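For reference, upload09.txt is printed below; it contains compact mmCIF, C-alpha atoms.
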# COMPACT_ATOMS: atom_id res chain seq x y z
CA MET A 1 24.82 18.39 -18.93
CA PRO A 2 23.04 21.68 -18.23
CA ASP A 3 24.91 24.83 -19.21
CA SER A 4 23.75 26.59 -16.03
CA PHE A 5 26.06 24.49 -13.85
CA SER A 6 29.69 25.56 -13.62
CA ALA A 7 32.45 23.05 -14.36
CA ASN A 8 33.73 23.51 -10.80
CA GLY A 9 30.24 22.95 -9.38
CA LEU A 10 29.79 19.78 -11.43
CA ARG A 11 33.19 18.52 -10.29
CA ARG A 12 32.20 19.01 -6.66
CA ILE A 13 28.85 17.29 -7.24
CA ARG A 14 30.57 14.33 -8.90
CA ARG A 15 33.15 14.02 -6.12
CA LEU A 16 30.41 14.12 -3.49
CA ALA A 17 28.40 11.58 -5.50
CA TRP A 18 31.26 9.09 -5.48
CA ILE A 19 31.79 9.55 -1.74
CA VAL A 20 28.09 9.02 -1.03
CA ARG A 21 28.00 5.98 -3.33
CA LEU A 22 30.98 4.48 -1.45
CA LEU A 23 29.18 5.09 1.86
CA CYS A 24 26.03 3.47 0.41
CA LEU A 25 28.05 0.42 -0.60
CA ILE A 26 29.52 0.14 2.90
CA GLY A 27 26.02 0.58 4.36
CA LEU A 28 24.58 -2.10 2.08
CA ILE A 29 27.23 -4.57 3.23
CA VAL A 30 26.99 -3.75 6.94
CA ILE A 31 23.21 -3.36 7.17
CA GLY A 32 22.67 -6.38 4.94
CA THR A 33 24.85 -8.73 6.98
CA LEU A 34 24.63 -7.44 10.57
CA PRO A 35 21.21 -8.94 11.41
CA PHE A 36 22.39 -12.40 10.36
CA ILE A 37 25.59 -12.05 12.39
CA PHE A 38 23.72 -10.71 15.43
CA TRP A 39 20.99 -13.36 15.53
CA ALA A 40 23.51 -16.18 14.96
CA GLN A 41 25.26 -15.34 18.24
CA PRO A 42 23.08 -16.21 21.24
CA GLU A 43 25.48 -14.52 23.70
CA TRP A 44 25.22 -11.20 21.87
CA VAL A 45 21.42 -11.51 21.63
CA ALA A 46 21.27 -12.27 25.36
CA GLU A 47 23.40 -9.25 26.21
CA ILE A 48 21.24 -6.86 24.14
CA ALA A 49 17.98 -8.46 25.31
CA ALA A 50 18.94 -8.00 28.96
CA SER A 51 20.77 -4.66 28.89
CA THR A 52 19.12 -2.70 26.09
CA TRP A 53 15.66 -4.24 25.79
CA LYS A 54 15.38 -4.83 29.58
CA LEU A 55 14.02 -8.37 29.15
CA GLU A 56 14.28 -10.53 32.25
CA THR A 57 13.03 -13.83 30.83
CA PHE A 58 13.55 -14.74 27.18
CA GLN A 59 14.38 -17.67 24.95
CA LEU A 60 17.53 -18.05 22.87
CA ASP A 61 16.69 -21.28 21.05
CA LEU A 62 16.97 -21.43 17.28
CA THR A 63 13.24 -20.81 16.76
CA ALA A 64 13.28 -17.63 18.88
CA ARG A 65 16.39 -16.32 17.14
CA LEU A 66 15.02 -17.11 13.67
CA GLY A 67 11.82 -15.27 14.64
CA GLY A 68 13.91 -12.32 15.80
CA LEU A 69 15.87 -12.39 12.56
CA ALA A 70 12.68 -12.46 10.49
CA ALA A 71 11.34 -9.50 12.48
CA MET A 72 14.50 -7.46 12.00
CA LEU A 73 14.53 -8.21 8.27
CA LEU A 74 11.53 -5.88 7.94
CA PRO A 75 13.47 -2.69 8.72
CA THR A 76 16.62 -4.15 7.17
CA SER A 77 14.95 -4.66 3.79
CA VAL A 78 13.50 -1.14 3.85
CA SER A 79 16.93 0.25 4.77
CA LEU A 80 18.51 -1.64 1.88
CA PHE A 81 15.85 -0.28 -0.48
CA ALA A 82 16.54 3.27 0.72
CA LEU A 83 20.29 2.82 0.29
CA TRP A 84 19.74 1.43 -3.20
CA GLN A 85 17.69 4.50 -4.12
CA MET A 86 20.38 6.77 -2.70
CA TRP A 87 23.01 4.85 -4.70
CA ALA A 88 20.97 5.33 -7.88
CA LEU A 89 20.25 9.01 -7.12
CA PHE A 90 23.92 9.82 -6.66
CA GLY A 91 24.72 7.74 -9.73
CA CYS A 92 22.56 10.19 -11.68
CA PHE A 93 24.43 13.07 -10.08
CA ALA A 94 27.80 11.49 -10.90
CA GLU A 95 26.72 11.30 -14.55
CA GLY A 96 25.75 14.99 -14.53
CA GLU A 97 22.03 14.21 -14.61
CA LEU A 98 20.79 16.85 -12.20
CA LEU A 99 17.58 18.57 -13.28
CA ALA A 100 15.92 15.48 -14.70
CA LEU A 101 13.04 13.15 -14.03
CA ARG A 102 15.17 10.08 -13.18
CA PRO A 103 16.90 11.61 -10.11
CA ALA A 104 13.53 13.01 -9.00
CA GLN A 105 12.08 9.48 -9.09
CA HIS A 106 14.96 8.09 -7.03
CA LEU A 107 14.59 10.96 -4.56
CA ARG A 108 10.86 10.20 -4.27
CA ARG A 109 11.54 6.50 -3.66
CA LEU A 110 14.19 7.37 -1.08
CA GLY A 111 11.66 9.58 0.71
CA LEU A 112 9.08 6.80 0.64
CA GLY A 113 11.73 4.41 1.96
CA LEU A 114 12.51 6.66 4.91
CA CYS A 115 8.80 7.07 5.68
CA ALA A 116 8.39 3.29 5.59
CA LEU A 117 11.50 2.86 7.75
CA SER A 118 9.96 5.08 10.43
CA ALA A 119 7.20 2.47 10.76
CA MET A 120 9.24 -0.70 10.15
CA GLN A 121 11.85 0.00 12.82
CA PRO A 122 9.45 0.00 15.78
CA LEU A 123 7.44 -2.87 14.25
CA GLY A 124 10.58 -4.97 13.76
CA HIS A 125 11.72 -4.24 17.30
CA THR A 126 8.29 -5.17 18.69
CA LEU A 127 8.19 -8.46 16.76
CA ALA A 128 11.79 -9.32 17.74
CA ILE A 129 10.98 -8.94 21.44
CA LEU A 130 7.82 -10.99 20.95
CA ALA A 131 9.87 -13.71 19.23
CA LEU A 132 12.30 -13.86 22.17
CA THR A 133 9.52 -14.06 24.76
CA TRP A 134 7.00 -16.22 22.86
CA GLY A 135 8.42 -19.42 24.37
CA ASN A 136 8.10 -18.06 27.92
CA PRO A 137 5.39 -19.43 30.18
CA LYS A 138 2.02 -17.68 29.93
CA GLY A 139 2.10 -14.37 31.70
CA GLN A 140 5.79 -13.84 30.93
CA ARG A 141 5.47 -13.11 27.23
CA GLN A 142 6.06 -9.51 26.31
CA LEU A 143 4.54 -7.31 23.68
CA TRP A 144 6.43 -4.05 23.61
CA PHE A 145 5.95 -1.13 21.26
CA GLY A 146 7.92 2.07 21.42
CA LEU A 147 8.56 5.10 19.30
CA SER A 148 11.62 7.27 19.52
CA SER A 149 12.77 10.57 18.14
CA ASP A 150 14.78 8.57 15.56
CA HIS A 151 11.55 7.21 14.10
CA TYR A 152 10.03 10.68 14.08
CA LEU A 153 13.10 12.16 12.38
CA ALA A 154 13.12 9.38 9.76
CA LEU A 155 9.49 10.24 8.98
CA LEU A 156 10.23 13.97 8.78
CA PHE A 157 13.28 13.47 6.55
CA GLY A 158 11.28 11.11 4.37
CA LEU A 159 8.57 13.74 3.98
CA LEU A 160 11.21 16.38 3.26
CA LEU A 161 12.66 14.21 0.48
CA LEU A 162 9.19 13.63 -0.94
CA ALA A 163 8.65 17.39 -1.09
CA LEU A 164 12.08 17.94 -2.66
CA SER A 165 11.32 15.26 -5.25
CA LEU A 166 8.23 17.23 -6.27
CA VAL A 167 10.34 20.39 -6.55
CA LEU A 168 12.99 18.54 -8.57
CA SER A 169 10.33 17.05 -10.87
CA GLU A 170 8.92 20.50 -11.53
CA ALA A 171 12.41 21.94 -12.08
CA ALA A 172 13.16 19.12 -14.52
CA ARG A 173 9.92 19.84 -16.37
CA VAL A 174 10.74 23.55 -16.64
CA ALA A 175 14.33 22.82 -17.72
CA ASN A 176 13.02 20.44 -20.39
CA GLU A 177 10.55 23.05 -21.65
CA ASN A 178 13.26 25.72 -21.77
CA ALA A 179 15.58 23.36 -23.65
CA GLU A 180 12.89 22.89 -26.31
CA PHE A 181 12.83 26.65 -27.02
CA ILE A 182 16.52 26.72 -27.89
Output the file's structure as structure tokens, nothing else.
Amino acid sequence: MPDSFSANGLRRIRRLAWIVRLLCLIGLIVIGTLPFIFWAQPEWVAEIAASTWKLETFQLDLTARLGGLAAMLLPTSVSLFALWQMWALFGCFAEGELLALRPAQHLRRLGLGLCALSAMQPLGHTLAILALTWGNPKGQRQLWFGLSSDHYLALLFGLLLLALSLVLSEAARVANENAEFI
């Protein structure tokens, strides 16, 4: 534990770390199960397809829903990876490992995960809509691709975390060098 951190500061970091880890655990459970629950319920899929995705003609057979599930597992898996990296990062913080290489690596992976998520979300959405309309007659299939400010913000936050991971890596290197002089 670095001497430059106050006991009160470390206590606050550890408390925050446990809260974030609890939220990560909740997120892992919800994000990991929700796609399976959603795609298993044709009525819910139909409601979202019509009201949110503005599809007029679509298929709800098992093949279409399994295709939609497979498509949505792309952003889901990236989200789970990002949550796992956040869990590990805050685990380091909870253990008092602050200016070190290991948290910098988790921060870097989290940043990469958010950058990947910014691409996987619109791709998953596109493929899910294609899966629901693939069984339509020719001329009624839909290929839709859209980007939103959420995707842009995920990319920006991912890039921010990548930059912060470089700063943390350098700070860890300097702290390690200074510790060797003592």
Show me, as a PyMOL selection string, the residues that have an atom within 12 Å of Leu162 of chain A when counting all atoms listed in the file, minus same-chain residues fewer than 6 positions from it.
chain A and resi 104-115+155-156+168-169
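Using only C-alpha atoms, the protein and nucleic acid residues lying no more than 10 Å from Ala119 of chain A, apart from those fewer than 3 places from it along its own chain, are Leu74, Pro75, Leu114, Cys115, Ala116, Pro122, Leu123, Gly124, Leu147, His151, Tyr152, Ala154 and Leu155 of chain A.
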So which residues touch segment 132-134 of chain A within 9 Å, counting only C-alpha atoms, skipping near sequence neighbours fewer than 3 positions away, as a PDB file with C-alpha atoms, in the frame of the given file?
ATOM      1  CA  ALA A  49      17.980  -8.460  25.310  1.00  0.00           C
ATOM      2  CA  LEU A  55      14.020  -8.370  29.150  1.00  0.00           C
ATOM      3  CA  THR A  57      13.030 -13.830  30.830  1.00  0.00           C
ATOM      4  CA  PHE A  58      13.550 -14.740  27.180  1.00  0.00           C
ATOM      5  CA  GLN A  59      14.380 -17.670  24.950  1.00  0.00           C
ATOM      6  CA  LEU A  60      17.530 -18.050  22.870  1.00  0.00           C
ATOM      7  CA  ASP A  61      16.690 -21.280  21.050  1.00  0.00           C
ATOM      8  CA  THR A  63      13.240 -20.810  16.760  1.00  0.00           C
ATOM      9  CA  ALA A  64      13.280 -17.630  18.880  1.00  0.00           C
ATOM     10  CA  ARG A  65      16.390 -16.320  17.140  1.00  0.00           C
ATOM     11  CA  GLY A  67      11.820 -15.270  14.640  1.00  0.00           C
ATOM     12  CA  GLY A  68      13.910 -12.320  15.800  1.00  0.00           C
ATOM     13  CA  LEU A 127       8.190  -8.460  16.760  1.00  0.00           C
ATOM     14  CA  ALA A 128      11.790  -9.320  17.740  1.00  0.00           C
ATOM     15  CA  ILE A 129      10.980  -8.940  21.440  1.00  0.00           C
ATOM     16  CA  PRO A 137       5.390 -19.430  30.180  1.00  0.00           C
ATOM     17  CA  LYS A 138       2.020 -17.680  29.930  1.00  0.00           C
ATOM     18  CA  GLN A 140       5.790 -13.840  30.930  1.00  0.00           C
ATOM     19  CA  ARG A 141       5.470 -13.110  27.230  1.00  0.00           C
ATOM     20  CA  GLN A 142       6.060  -9.510  26.310  1.00  0.00           C
ATOM     21  CA  LEU A 143       4.540  -7.310  23.680  1.00  0.00           C
TER      22      LEU A 143
END
Point-to-point distance in Å for atom CA of Gln121 of chain A and atom CA of Pro35 of chain A
13.0 Å
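Using only C-alpha atoms for every distance, the candidate list A:Asp150, A:Glu177, A:Glu97, A:Glu170 yields A:Glu97 as the residue closest to Leu10 of chain A.
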